$ cat protein.cif   # mmCIF, N, CA and C atoms
data_query
#
loop_
_atom_site.label_atom_id
_atom_site.label_comp_id
_atom_site.auth_asym_id
_atom_site.auth_seq_id
_atom_site.Cartn_x
_atom_site.Cartn_y
_atom_site.Cartn_z
N MET K 258 -36.32 42.97 -130.89
CA MET K 258 -36.31 44.43 -130.76
C MET K 258 -37.17 45.03 -131.86
N SER K 259 -38.20 45.75 -131.51
CA SER K 259 -39.02 46.37 -132.55
C SER K 259 -38.90 47.88 -132.44
N LEU K 260 -38.23 48.46 -133.40
CA LEU K 260 -38.10 49.91 -133.41
C LEU K 260 -39.37 50.49 -134.02
N ARG K 261 -39.83 51.56 -133.42
CA ARG K 261 -40.99 52.23 -134.00
C ARG K 261 -40.50 53.07 -135.17
N HIS K 262 -41.03 52.81 -136.34
CA HIS K 262 -40.44 53.37 -137.56
C HIS K 262 -40.72 54.85 -137.80
N ARG K 263 -41.79 55.35 -137.24
CA ARG K 263 -42.15 56.73 -137.58
C ARG K 263 -41.79 57.73 -136.50
N VAL K 264 -40.91 57.37 -135.58
CA VAL K 264 -40.58 58.29 -134.49
C VAL K 264 -39.83 59.50 -135.05
N PRO K 265 -40.34 60.72 -134.78
CA PRO K 265 -39.68 61.91 -135.33
C PRO K 265 -38.41 62.26 -134.56
N VAL K 266 -37.49 62.90 -135.25
CA VAL K 266 -36.21 63.27 -134.65
C VAL K 266 -36.39 64.24 -133.49
N SER K 267 -37.50 64.95 -133.47
CA SER K 267 -37.74 65.92 -132.38
C SER K 267 -37.75 65.24 -131.01
N THR K 268 -38.01 63.92 -130.98
CA THR K 268 -38.05 63.22 -129.69
C THR K 268 -36.65 62.97 -129.12
N ILE K 269 -35.62 63.02 -129.97
CA ILE K 269 -34.27 62.76 -129.45
C ILE K 269 -33.30 63.93 -129.62
N MET K 270 -33.71 64.95 -130.37
CA MET K 270 -32.77 66.06 -130.63
C MET K 270 -32.54 66.89 -129.38
N THR K 271 -31.43 67.59 -129.36
CA THR K 271 -31.14 68.55 -128.29
C THR K 271 -31.83 69.85 -128.63
N LYS K 272 -32.65 70.34 -127.70
CA LYS K 272 -33.38 71.58 -127.94
C LYS K 272 -32.73 72.78 -127.25
N ASN K 273 -32.09 72.52 -126.10
CA ASN K 273 -31.41 73.63 -125.40
C ASN K 273 -30.05 73.83 -126.03
N LEU K 274 -30.02 74.68 -127.04
CA LEU K 274 -28.82 74.76 -127.86
C LEU K 274 -27.78 75.73 -127.33
N ILE K 275 -26.55 75.30 -127.42
CA ILE K 275 -25.40 76.17 -127.21
C ILE K 275 -25.02 76.61 -128.62
N THR K 276 -24.98 77.90 -128.89
CA THR K 276 -24.65 78.36 -130.24
C THR K 276 -23.52 79.39 -130.22
N LEU K 277 -22.96 79.61 -131.38
CA LEU K 277 -21.95 80.64 -131.58
C LEU K 277 -22.43 81.61 -132.65
N ASN K 278 -21.87 82.81 -132.63
CA ASN K 278 -22.08 83.76 -133.72
C ASN K 278 -20.81 83.80 -134.55
N SER K 279 -20.92 84.30 -135.78
CA SER K 279 -19.75 84.33 -136.65
C SER K 279 -18.67 85.26 -136.11
N THR K 280 -19.05 86.17 -135.22
CA THR K 280 -18.08 87.12 -134.66
C THR K 280 -17.39 86.59 -133.41
N ASP K 281 -17.86 85.45 -132.87
CA ASP K 281 -17.24 84.89 -131.67
C ASP K 281 -15.81 84.42 -131.97
N GLN K 282 -14.98 84.41 -130.95
CA GLN K 282 -13.60 83.94 -131.09
C GLN K 282 -13.55 82.43 -130.90
N LEU K 283 -12.52 81.80 -131.44
CA LEU K 283 -12.39 80.35 -131.32
C LEU K 283 -12.10 79.90 -129.90
N ASP K 284 -11.47 80.76 -129.10
CA ASP K 284 -11.25 80.34 -127.71
C ASP K 284 -12.56 80.30 -126.93
N THR K 285 -13.53 81.11 -127.35
CA THR K 285 -14.88 81.02 -126.78
C THR K 285 -15.48 79.66 -127.11
N ALA K 286 -15.31 79.26 -128.36
CA ALA K 286 -15.81 77.96 -128.81
C ALA K 286 -15.18 76.84 -127.99
N GLU K 287 -13.87 76.91 -127.79
CA GLU K 287 -13.19 75.86 -127.04
C GLU K 287 -13.75 75.78 -125.62
N ARG K 288 -13.96 76.93 -125.01
CA ARG K 288 -14.50 76.97 -123.64
C ARG K 288 -15.89 76.32 -123.61
N LEU K 289 -16.72 76.60 -124.59
CA LEU K 289 -18.07 76.01 -124.65
C LEU K 289 -18.01 74.50 -124.83
N PHE K 290 -17.10 74.03 -125.70
CA PHE K 290 -16.94 72.58 -125.89
C PHE K 290 -16.61 71.91 -124.56
N LYS K 291 -15.68 72.51 -123.83
CA LYS K 291 -15.23 71.91 -122.57
C LYS K 291 -16.30 72.00 -121.48
N GLU K 292 -16.88 73.20 -121.33
CA GLU K 292 -17.87 73.43 -120.27
C GLU K 292 -19.07 72.53 -120.40
N HIS K 293 -19.54 72.36 -121.61
CA HIS K 293 -20.80 71.62 -121.83
C HIS K 293 -20.57 70.19 -122.28
N GLN K 294 -19.29 69.80 -122.44
CA GLN K 294 -18.93 68.46 -122.90
C GLN K 294 -19.71 68.07 -124.15
N ILE K 295 -19.60 68.96 -125.15
CA ILE K 295 -20.27 68.71 -126.44
C ILE K 295 -19.22 68.69 -127.53
N ARG K 296 -19.62 68.23 -128.70
CA ARG K 296 -18.67 68.11 -129.81
C ARG K 296 -19.07 68.92 -131.04
N HIS K 297 -20.26 69.52 -131.02
CA HIS K 297 -20.73 70.30 -132.17
C HIS K 297 -21.46 71.54 -131.68
N ILE K 298 -21.15 72.67 -132.29
CA ILE K 298 -21.85 73.91 -131.94
C ILE K 298 -22.34 74.58 -133.24
N PRO K 299 -23.66 74.77 -133.35
CA PRO K 299 -24.19 75.49 -134.51
C PRO K 299 -23.75 76.95 -134.46
N VAL K 300 -23.46 77.51 -135.64
CA VAL K 300 -23.13 78.93 -135.74
C VAL K 300 -24.35 79.60 -136.36
N VAL K 301 -24.89 80.59 -135.65
CA VAL K 301 -26.15 81.20 -136.09
C VAL K 301 -26.03 82.71 -136.27
N GLU K 302 -26.92 83.21 -137.11
CA GLU K 302 -27.15 84.64 -137.26
C GLU K 302 -28.66 84.83 -137.23
N ASN K 303 -29.16 85.53 -136.24
CA ASN K 303 -30.61 85.74 -136.08
C ASN K 303 -31.40 84.43 -136.15
N ASP K 304 -31.03 83.45 -135.36
CA ASP K 304 -31.71 82.15 -135.30
C ASP K 304 -31.59 81.30 -136.57
N LYS K 305 -30.91 81.82 -137.57
CA LYS K 305 -30.71 81.03 -138.79
C LYS K 305 -29.31 80.41 -138.74
N ILE K 306 -29.22 79.14 -139.08
CA ILE K 306 -27.93 78.47 -139.01
C ILE K 306 -27.09 78.81 -140.25
N ILE K 307 -25.83 79.17 -140.01
CA ILE K 307 -24.94 79.49 -141.13
C ILE K 307 -23.76 78.53 -141.20
N GLY K 308 -23.61 77.71 -140.14
CA GLY K 308 -22.51 76.76 -140.15
C GLY K 308 -22.52 75.89 -138.91
N MET K 309 -21.60 74.96 -138.86
CA MET K 309 -21.47 74.07 -137.70
C MET K 309 -19.99 73.95 -137.38
N LEU K 310 -19.65 74.21 -136.12
CA LEU K 310 -18.26 74.06 -135.70
C LEU K 310 -18.16 72.79 -134.87
N SER K 311 -17.22 71.93 -135.22
CA SER K 311 -17.05 70.71 -134.44
C SER K 311 -15.74 70.78 -133.68
N LEU K 312 -15.68 70.04 -132.61
CA LEU K 312 -14.47 69.97 -131.80
C LEU K 312 -13.30 69.49 -132.66
N THR K 313 -13.59 68.56 -133.57
CA THR K 313 -12.57 68.04 -134.49
C THR K 313 -11.97 69.16 -135.33
N ASP K 314 -12.83 70.08 -135.82
CA ASP K 314 -12.34 71.22 -136.61
C ASP K 314 -11.37 72.06 -135.80
N LEU K 315 -11.71 72.25 -134.54
CA LEU K 315 -10.90 73.07 -133.65
C LEU K 315 -9.57 72.38 -133.35
N LEU K 316 -9.62 71.09 -133.09
CA LEU K 316 -8.39 70.34 -132.79
C LEU K 316 -7.47 70.32 -134.00
N ARG K 317 -8.07 70.28 -135.17
CA ARG K 317 -7.28 70.22 -136.40
C ARG K 317 -6.37 71.44 -136.53
N ILE K 318 -6.89 72.61 -136.13
CA ILE K 318 -6.07 73.82 -136.28
C ILE K 318 -5.21 74.11 -135.07
N SER K 319 -5.48 73.46 -133.95
CA SER K 319 -4.68 73.78 -132.76
C SER K 319 -3.50 72.83 -132.59
N PHE K 320 -3.23 72.02 -133.61
CA PHE K 320 -2.09 71.08 -133.59
C PHE K 320 -2.09 70.32 -132.28
N ALA K 321 -3.25 69.79 -131.92
CA ALA K 321 -3.44 69.23 -130.58
C ALA K 321 -2.56 68.02 -130.30
N ASP K 322 -1.94 67.47 -131.34
CA ASP K 322 -1.12 66.28 -131.11
C ASP K 322 0.29 66.65 -130.64
N GLY K 323 0.65 67.93 -130.71
CA GLY K 323 1.98 68.34 -130.26
C GLY K 323 2.01 68.51 -128.76
N ALA K 324 3.17 68.26 -128.15
CA ALA K 324 3.30 68.51 -126.71
C ALA K 324 4.06 69.81 -126.54
N TYR K 325 3.40 70.80 -126.00
CA TYR K 325 4.03 72.11 -125.85
C TYR K 325 4.34 72.39 -124.39
N GLU K 326 5.40 73.17 -124.19
CA GLU K 326 5.70 73.66 -122.85
C GLU K 326 4.53 74.53 -122.38
N ASP K 327 4.18 75.43 -123.28
CA ASP K 327 3.18 76.44 -122.93
C ASP K 327 1.95 76.27 -123.80
N GLU K 328 1.31 75.13 -123.66
CA GLU K 328 0.25 74.73 -124.58
C GLU K 328 -0.83 75.80 -124.73
N ILE K 329 -1.26 76.35 -123.60
CA ILE K 329 -2.37 77.31 -123.63
C ILE K 329 -2.02 78.50 -124.51
N GLU K 330 -0.78 78.97 -124.37
CA GLU K 330 -0.36 80.13 -125.14
C GLU K 330 -0.36 79.84 -126.63
N VAL K 331 0.17 78.68 -127.00
CA VAL K 331 0.23 78.30 -128.41
C VAL K 331 -1.18 78.26 -129.00
N GLU K 332 -2.12 77.61 -128.29
CA GLU K 332 -3.49 77.51 -128.80
C GLU K 332 -4.11 78.88 -128.98
N THR K 333 -3.88 79.77 -128.01
CA THR K 333 -4.47 81.10 -128.09
C THR K 333 -3.98 81.82 -129.34
N ILE K 334 -2.68 81.71 -129.62
CA ILE K 334 -2.12 82.35 -130.82
C ILE K 334 -2.78 81.78 -132.07
N VAL K 335 -2.87 80.45 -132.12
CA VAL K 335 -3.47 79.80 -133.29
C VAL K 335 -4.93 80.21 -133.45
N TYR K 336 -5.67 80.21 -132.35
CA TYR K 336 -7.09 80.59 -132.42
C TYR K 336 -7.26 82.01 -132.94
N ASN K 337 -6.33 82.89 -132.60
CA ASN K 337 -6.44 84.26 -133.07
C ASN K 337 -6.15 84.42 -134.55
N MET K 338 -5.54 83.39 -135.14
CA MET K 338 -5.22 83.43 -136.57
C MET K 338 -6.42 83.07 -137.44
N PHE K 339 -7.42 82.46 -136.84
CA PHE K 339 -8.59 82.02 -137.61
C PHE K 339 -9.88 82.60 -137.04
N THR K 340 -10.90 82.67 -137.89
CA THR K 340 -12.22 83.10 -137.42
C THR K 340 -13.16 81.90 -137.44
N VAL K 341 -14.25 81.99 -136.72
CA VAL K 341 -15.25 80.92 -136.71
C VAL K 341 -15.70 80.57 -138.14
N PRO K 342 -16.06 81.58 -138.98
CA PRO K 342 -16.49 81.24 -140.34
C PRO K 342 -15.43 80.51 -141.17
N GLN K 343 -14.14 80.75 -140.89
CA GLN K 343 -13.09 80.06 -141.64
C GLN K 343 -13.01 78.59 -141.28
N VAL K 344 -13.34 78.26 -140.05
CA VAL K 344 -13.14 76.90 -139.56
C VAL K 344 -14.41 76.05 -139.63
N MET K 345 -15.56 76.70 -139.52
CA MET K 345 -16.83 75.94 -139.46
C MET K 345 -17.15 75.27 -140.79
N ALA K 346 -17.98 74.24 -140.72
CA ALA K 346 -18.50 73.59 -141.92
C ALA K 346 -19.67 74.42 -142.44
N LYS K 347 -19.70 74.63 -143.75
CA LYS K 347 -20.79 75.39 -144.37
C LYS K 347 -21.59 74.44 -145.27
N ASN K 348 -22.59 74.99 -145.97
CA ASN K 348 -23.42 74.17 -146.87
C ASN K 348 -23.88 72.89 -146.18
N LEU K 349 -24.49 73.08 -145.03
CA LEU K 349 -24.88 71.93 -144.22
C LEU K 349 -26.14 71.28 -144.74
N LYS K 350 -26.21 69.99 -144.56
CA LYS K 350 -27.50 69.30 -144.71
C LYS K 350 -28.27 69.61 -143.44
N HIS K 351 -29.59 69.68 -143.55
CA HIS K 351 -30.39 69.81 -142.34
C HIS K 351 -31.67 69.00 -142.51
N VAL K 352 -32.34 68.77 -141.39
CA VAL K 352 -33.60 68.03 -141.41
C VAL K 352 -34.65 68.85 -140.68
N SER K 353 -35.91 68.45 -140.78
CA SER K 353 -36.96 69.13 -140.03
C SER K 353 -37.32 68.27 -138.82
N SER K 354 -38.04 68.85 -137.88
CA SER K 354 -38.31 68.11 -136.63
C SER K 354 -39.19 66.89 -136.83
N ASN K 355 -39.90 66.80 -137.97
CA ASN K 355 -40.70 65.58 -138.19
C ASN K 355 -40.00 64.56 -139.08
N THR K 356 -38.75 64.82 -139.44
CA THR K 356 -37.95 63.80 -140.13
C THR K 356 -37.82 62.61 -139.17
N THR K 357 -37.92 61.40 -139.70
CA THR K 357 -37.87 60.25 -138.79
C THR K 357 -36.44 59.97 -138.34
N ILE K 358 -36.33 59.34 -137.19
CA ILE K 358 -35.02 58.97 -136.65
C ILE K 358 -34.31 58.06 -137.65
N LYS K 359 -35.06 57.18 -138.30
CA LYS K 359 -34.47 56.27 -139.30
C LYS K 359 -33.84 57.07 -140.44
N GLU K 360 -34.55 58.09 -140.94
CA GLU K 360 -34.00 58.91 -142.03
C GLU K 360 -32.73 59.64 -141.58
N VAL K 361 -32.75 60.15 -140.35
CA VAL K 361 -31.58 60.83 -139.80
C VAL K 361 -30.40 59.86 -139.72
N ALA K 362 -30.67 58.64 -139.27
CA ALA K 362 -29.62 57.62 -139.17
C ALA K 362 -29.02 57.35 -140.55
N GLU K 363 -29.87 57.29 -141.56
CA GLU K 363 -29.39 57.04 -142.92
C GLU K 363 -28.49 58.17 -143.40
N ILE K 364 -28.91 59.41 -143.16
CA ILE K 364 -28.12 60.58 -143.58
C ILE K 364 -26.76 60.57 -142.88
N LEU K 365 -26.78 60.34 -141.56
CA LEU K 365 -25.52 60.37 -140.81
C LEU K 365 -24.59 59.22 -141.20
N SER K 366 -25.17 58.06 -141.51
CA SER K 366 -24.33 56.91 -141.86
C SER K 366 -23.70 57.06 -143.24
N GLU K 367 -24.32 57.87 -144.10
CA GLU K 367 -23.81 58.03 -145.46
C GLU K 367 -22.82 59.18 -145.59
N ASN K 368 -22.64 59.95 -144.51
CA ASN K 368 -21.81 61.15 -144.61
C ASN K 368 -20.70 61.16 -143.57
N GLU K 369 -19.79 62.11 -143.74
CA GLU K 369 -18.62 62.21 -142.88
C GLU K 369 -18.93 62.91 -141.55
N PHE K 370 -20.00 63.70 -141.53
CA PHE K 370 -20.28 64.50 -140.33
C PHE K 370 -21.08 63.71 -139.31
N HIS K 371 -21.12 64.22 -138.09
CA HIS K 371 -21.74 63.49 -136.98
C HIS K 371 -22.86 64.27 -136.29
N ALA K 372 -23.30 65.35 -136.93
CA ALA K 372 -24.38 66.14 -136.34
C ALA K 372 -25.18 66.78 -137.46
N LEU K 373 -26.48 66.90 -137.21
CA LEU K 373 -27.37 67.53 -138.19
C LEU K 373 -28.19 68.62 -137.50
N PRO K 374 -28.25 69.80 -138.09
CA PRO K 374 -29.16 70.82 -137.54
C PRO K 374 -30.61 70.45 -137.88
N VAL K 375 -31.51 70.77 -136.96
CA VAL K 375 -32.94 70.57 -137.19
C VAL K 375 -33.54 71.97 -137.37
N VAL K 376 -34.16 72.18 -138.52
CA VAL K 376 -34.60 73.52 -138.91
C VAL K 376 -36.10 73.53 -139.21
N GLU K 377 -36.80 74.53 -138.70
CA GLU K 377 -38.22 74.75 -139.01
C GLU K 377 -38.39 76.19 -139.47
N ASN K 378 -39.03 76.39 -140.63
CA ASN K 378 -39.23 77.74 -141.18
C ASN K 378 -37.93 78.55 -141.16
N ASP K 379 -36.86 77.93 -141.59
CA ASP K 379 -35.54 78.56 -141.66
C ASP K 379 -34.89 78.81 -140.31
N ASN K 380 -35.58 78.54 -139.21
CA ASN K 380 -34.99 78.76 -137.89
C ASN K 380 -34.46 77.46 -137.29
N LEU K 381 -33.32 77.58 -136.63
CA LEU K 381 -32.71 76.42 -135.97
C LEU K 381 -33.51 76.09 -134.72
N VAL K 382 -34.00 74.85 -134.64
CA VAL K 382 -34.79 74.45 -133.46
C VAL K 382 -34.13 73.33 -132.66
N GLY K 383 -33.10 72.70 -133.26
CA GLY K 383 -32.44 71.61 -132.54
C GLY K 383 -31.22 71.12 -133.28
N ILE K 384 -30.56 70.16 -132.66
CA ILE K 384 -29.41 69.51 -133.29
C ILE K 384 -29.48 68.04 -132.89
N VAL K 385 -29.19 67.16 -133.83
CA VAL K 385 -29.19 65.73 -133.54
C VAL K 385 -27.83 65.18 -133.92
N THR K 386 -27.26 64.37 -133.04
CA THR K 386 -25.91 63.84 -133.27
C THR K 386 -25.93 62.32 -133.30
N THR K 387 -24.84 61.74 -133.75
CA THR K 387 -24.73 60.28 -133.75
C THR K 387 -24.86 59.74 -132.32
N THR K 388 -24.39 60.50 -131.35
CA THR K 388 -24.52 60.08 -129.94
C THR K 388 -26.00 59.99 -129.54
N ASP K 389 -26.81 60.97 -129.97
CA ASP K 389 -28.25 60.93 -129.69
C ASP K 389 -28.86 59.65 -130.27
N LEU K 390 -28.45 59.32 -131.49
CA LEU K 390 -28.96 58.11 -132.15
C LEU K 390 -28.58 56.85 -131.40
N ILE K 391 -27.32 56.76 -131.01
CA ILE K 391 -26.85 55.57 -130.30
C ILE K 391 -27.59 55.43 -128.98
N ASN K 392 -27.75 56.54 -128.26
CA ASN K 392 -28.47 56.49 -126.98
C ASN K 392 -29.92 56.04 -127.18
N TYR K 393 -30.54 56.52 -128.26
CA TYR K 393 -31.91 56.12 -128.58
C TYR K 393 -31.97 54.61 -128.84
N LEU K 394 -31.03 54.11 -129.62
CA LEU K 394 -31.00 52.69 -129.93
C LEU K 394 -30.79 51.85 -128.67
N LEU K 395 -29.91 52.30 -127.81
CA LEU K 395 -29.65 51.57 -126.56
C LEU K 395 -30.91 51.49 -125.68
N GLU K 396 -31.69 52.58 -125.69
CA GLU K 396 -32.93 52.58 -124.91
C GLU K 396 -33.95 51.56 -125.42
N GLN K 397 -33.84 51.21 -126.69
CA GLN K 397 -34.81 50.28 -127.29
C GLN K 397 -34.56 48.84 -126.85
N TYR K 398 -33.36 48.56 -126.37
CA TYR K 398 -33.03 47.18 -126.00
C TYR K 398 -33.65 46.78 -124.67
#

$ encode --input "protein.cif" --output "structure tokens"
Amino acid sequence: MSLRHRVPVSTIMTKNLITLNSTDQLDTAERLFKEHQIRHIPVVENDKIIGMLSLTDLLRISFADGAYEDEIEVETIVYNMFTVPQVMAKNLKHVSSNTTIKEVAEILSENEFHALPVVENDNLVGIVTTTDLINYLLEQY
């Protein structure tokens, strides 16, 4: 297997982004996670990324391990107690679209998070996840 070493992350990143604003409600976020079957949503203000909301963050506050009679109602109440900025990850690492896939893999393997925003001239242009990396590696076989 010979991986091409200089392949830029732009070749595997997601460009059609689903994003949130800091004013969006958490139940909106949950709907987007489910509808698009994604696990990370960048939070933006005027095309600039200010945070990243992950499905894990959302599950953490919705006590998803409990079995409720009226689960939907409980989640709605909990979601109304928090705002997107309170739950999202801030101070994100980011990469540029010409960062190599290898460099991205190194960053993701050394950290707890599973997605990286791709930023050009301060604007969010993509997102790359560990799933994108794994799919890329599988294609090489």

$ select_by_dssp --input "protein.cif" --residues "chain K" --states "helix (DSSP H, G or I)" --output "ChimeraX atom specification"
/K:266-268,283-293,312-318,328-338,341-344,358-367,387-397

$ axis_aligned_box --input "protein.cif" --around "range 301-305 of chain K" --padding-each-side "6 Å" --output "lines of an AutoDock Vina configuration file"
center_x = -28.3
center_y = 83.1
center_z = -137.0
size_x = 18.8
size_y = 17.3
size_z = 15.5

$ closest_residue --input "protein.cif" --among "K:Asn303, K:Ile334, K:Leu373, K:Arg296" --to "Lys347 in chain K" --atoms "only C-alpha atoms"
K:Leu373

$ resolve_selection --input "protein.cif" --expression "the PyMOL selection byres (((chain K and resi 389 and name CA) around 12) and name CA)" --output "ChimeraX atom specification"
/K:266-272,295-296,358,361-362,365,371-373,383-388,390-396

$ atom_distance --input "protein.cif" --atom1 "atom C of Leu283 in chain K" --atom2 "atom N of Val376 in chain K"
24.9 Å

$ residues_near_point --input "protein.cif" --point "(-24.5, 83.0, -140.3)" --cutoff "10 Å" --atoms "only C-alpha atoms" --output "list in words"
Leu277, Asn278, Ser279, Thr280, Pro299, Val300, Val301, Glu302, Asn303, Asp304, Lys305, Ile306, Ile307, Gly308, Met309, Pro342 and Lys347 of chain K

$ closest_residue --input "protein.cif" --among "K:Ser353, K:Leu310, K:Glu363, K:Thr333" --to "Val375 in chain K" --atoms "only N, CA and C atoms"
K:Ser353

$ atom_distance --input "protein.cif" --atom1 "atom N of Asn355 in chain K" --atom2 "CA of Pro265 in chain K"
5.6 Å

$ select_by_dssp --input "protein.cif" --residues "chain K" --states "strand (DSSP E or B)" --output "PyMOL selection string"
chain K and resi 265+271+277+297-302+305-311+346+352+357+372-377+380-386

$ write_last_selection --input "protein.cif" --atoms "N, CA and C atoms" --output "CSV table (one decimal), in the frame of the given file"
chain,number,residue,atom,x,y,z
K,265,PRO,N,-40.3,60.7,-134.8
K,265,PRO,CA,-39.7,61.9,-135.3
K,265,PRO,C,-38.4,62.3,-134.6
K,271,THR,N,-31.4,67.6,-129.4
K,271,THR,CA,-31.1,68.6,-128.3
K,271,THR,C,-31.8,69.8,-128.6
K,277,LEU,N,-23.0,79.6,-131.4
K,277,LEU,CA,-22.0,80.6,-131.6
K,277,LEU,C,-22.4,81.6,-132.6
K,297,HIS,N,-20.3,69.5,-131.0
K,297,HIS,CA,-20.7,70.3,-132.2
K,297,HIS,C,-21.5,71.5,-131.7
K,298,ILE,N,-21.2,72.7,-132.3
K,298,ILE,CA,-21.8,73.9,-131.9
K,298,ILE,C,-22.3,74.6,-133.2
K,299,PRO,N,-23.7,74.8,-133.4
K,299,PRO,CA,-24.2,75.5,-134.5
K,299,PRO,C,-23.8,77.0,-134.5
K,300,VAL,N,-23.5,77.5,-135.6
K,300,VAL,CA,-23.1,78.9,-135.7
K,300,VAL,C,-24.4,79.6,-136.4
K,301,VAL,N,-24.9,80.6,-135.6
K,301,VAL,CA,-26.2,81.2,-136.1
K,301,VAL,C,-26.0,82.7,-136.3
K,302,GLU,N,-26.9,83.2,-137.1
K,302,GLU,CA,-27.2,84.6,-137.3
K,302,GLU,C,-28.7,84.8,-137.2
K,305,LYS,N,-30.9,81.8,-137.6
K,305,LYS,CA,-30.7,81.0,-138.8
K,305,LYS,C,-29.3,80.4,-138.7
K,306,ILE,N,-29.2,79.1,-139.1
K,306,ILE,CA,-27.9,78.5,-139.0
K,306,ILE,C,-27.1,78.8,-140.2
K,307,ILE,N,-25.8,79.2,-140.0
K,307,ILE,CA,-24.9,79.5,-141.1
K,307,ILE,C,-23.8,78.5,-141.2
K,308,GLY,N,-23.6,77.7,-140.1
K,308,GLY,CA,-22.5,76.8,-140.2
K,308,GLY,C,-22.5,75.9,-138.9
K,309,MET,N,-21.6,75.0,-138.9
K,309,MET,CA,-21.5,74.1,-137.7
K,309,MET,C,-20.0,74.0,-137.4
K,310,LEU,N,-19.6,74.2,-136.1
K,310,LEU,CA,-18.3,74.1,-135.7
K,310,LEU,C,-18.2,72.8,-134.9
K,311,SER,N,-17.2,71.9,-135.2
K,311,SER,CA,-17.0,70.7,-134.4
K,311,SER,C,-15.7,70.8,-133.7
K,346,ALA,N,-18.0,74.2,-140.7
K,346,ALA,CA,-18.5,73.6,-141.9
K,346,ALA,C,-19.7,74.4,-142.4
K,352,VAL,N,-32.3,68.8,-141.4
K,352,VAL,CA,-33.6,68.0,-141.4
K,352,VAL,C,-34.6,68.8,-140.7
K,357,THR,N,-37.9,61.4,-139.7
K,357,THR,CA,-37.9,60.2,-138.8
K,357,THR,C,-36.4,60.0,-138.3
K,372,ALA,N,-23.3,65.4,-136.9
K,372,ALA,CA,-24.4,66.1,-136.3
K,372,ALA,C,-25.2,66.8,-137.5
K,373,LEU,N,-26.5,66.9,-137.2
K,373,LEU,CA,-27.4,67.5,-138.2
K,373,LEU,C,-28.2,68.6,-137.5
K,374,PRO,N,-28.2,69.8,-138.1
K,374,PRO,CA,-29.2,70.8,-137.5
K,374,PRO,C,-30.6,70.4,-137.9
K,375,VAL,N,-31.5,70.8,-137.0
K,375,VAL,CA,-32.9,70.6,-137.2
K,375,VAL,C,-33.5,72.0,-137.4
K,376,VAL,N,-34.2,72.2,-138.5
K,376,VAL,CA,-34.6,73.5,-138.9
K,376,VAL,C,-36.1,73.5,-139.2
K,377,GLU,N,-36.8,74.5,-138.7
K,377,GLU,CA,-38.2,74.8,-139.0
K,377,GLU,C,-38.4,76.2,-139.5
K,380,ASN,N,-35.6,78.5,-139.2
K,380,ASN,CA,-35.0,78.8,-137.9
K,380,ASN,C,-34.5,77.5,-137.3
K,381,LEU,N,-33.3,77.6,-136.6
K,381,LEU,CA,-32.7,76.4,-136.0
K,381,LEU,C,-33.5,76.1,-134.7
K,382,VAL,N,-34.0,74.8,-134.6
K,382,VAL,CA,-34.8,74.4,-133.5
K,382,VAL,C,-34.1,73.3,-132.7
K,383,GLY,N,-33.1,72.7,-133.3
K,383,GLY,CA,-32.4,71.6,-132.5
K,383,GLY,C,-31.2,71.1,-133.3
K,384,ILE,N,-30.6,70.2,-132.7
K,384,ILE,CA,-29.4,69.5,-133.3
K,384,ILE,C,-29.5,68.0,-132.9
K,385,VAL,N,-29.2,67.2,-133.8
K,385,VAL,CA,-29.2,65.7,-133.5
K,385,VAL,C,-27.8,65.2,-133.9
K,386,THR,N,-27.3,64.4,-133.0
K,386,THR,CA,-25.9,63.8,-133.3
K,386,THR,C,-25.9,62.3,-133.3

$ atom_distance --input "protein.cif" --atom1 "atom N of Phe339 in chain K" --atom2 "atom C of Leu381 in chain K"
26.9 Å

$ resolve_selection --input "protein.cif" --expression "the PyMOL selection byres (((chain K and resi 313 and name CA) around 12) and name CA)" --output "PyMOL selection string"
chain K and resi 286-287+290+295-298+309-312+314-321+344-346+369-371

$ closest_residue --input "protein.cif" --among "K:Asn380, K:Asn368, K:Thr356, K:Val335" --to "His262 in chain K" --atoms "only C-alpha atoms"
K:Thr356

$ closest_residue --input "protein.cif" --among "K:Asp284, K:Glu367, K:Ile275, K:Asn348" --to "Tyr336 in chain K" --atoms "all atoms listed in the file"
K:Asp284

$ closest_residue --input "protein.cif" --among "K:Arg288, K:Val382, K:Pro374, K:Tyr398" --to "Asn273 in chain K" --atoms "only C-alpha atoms"
K:Val382

$ decode --input "protein.cif" --residues "range 330-349 of chain K" --atoms "C-alpha atoms" --output "short mmCIF file (atom, residue, chain, number, x, y, z; two decimals), in the first residue's frame"
data_model
loop_
_atom_site.label_atom_id
_atom_site.label_comp_id
_atom_site.auth_asym_id
_atom_site.auth_seq_id
_atom_site.Cartn_x
_atom_site.Cartn_y
_atom_site.Cartn_z
CA GLU K 330 -40.28 15.97 26.85
CA VAL K 331 -37.34 15.49 29.21
CA GLU K 332 -34.82 16.23 26.45
CA THR K 333 -36.69 19.37 25.40
CA ILE K 334 -36.60 20.70 28.96
CA VAL K 335 -32.89 19.94 29.27
CA TYR K 336 -32.11 21.52 25.89
CA ASN K 337 -33.88 24.69 26.95
CA MET K 338 -31.62 24.93 30.00
CA PHE K 339 -28.49 25.28 27.88
CA THR K 340 -27.38 27.38 24.91
CA VAL K 341 -25.24 26.27 21.98
CA PRO K 342 -22.26 28.40 23.19
CA GLN K 343 -22.44 26.74 26.63
CA VAL K 344 -22.22 23.23 25.20
CA MET K 345 -19.96 23.65 22.15
CA ALA K 346 -16.19 23.17 22.20
CA LYS K 347 -14.29 26.45 21.92
CA ASN K 348 -10.61 27.29 21.28
CA LEU K 349 -10.57 24.84 18.42
#
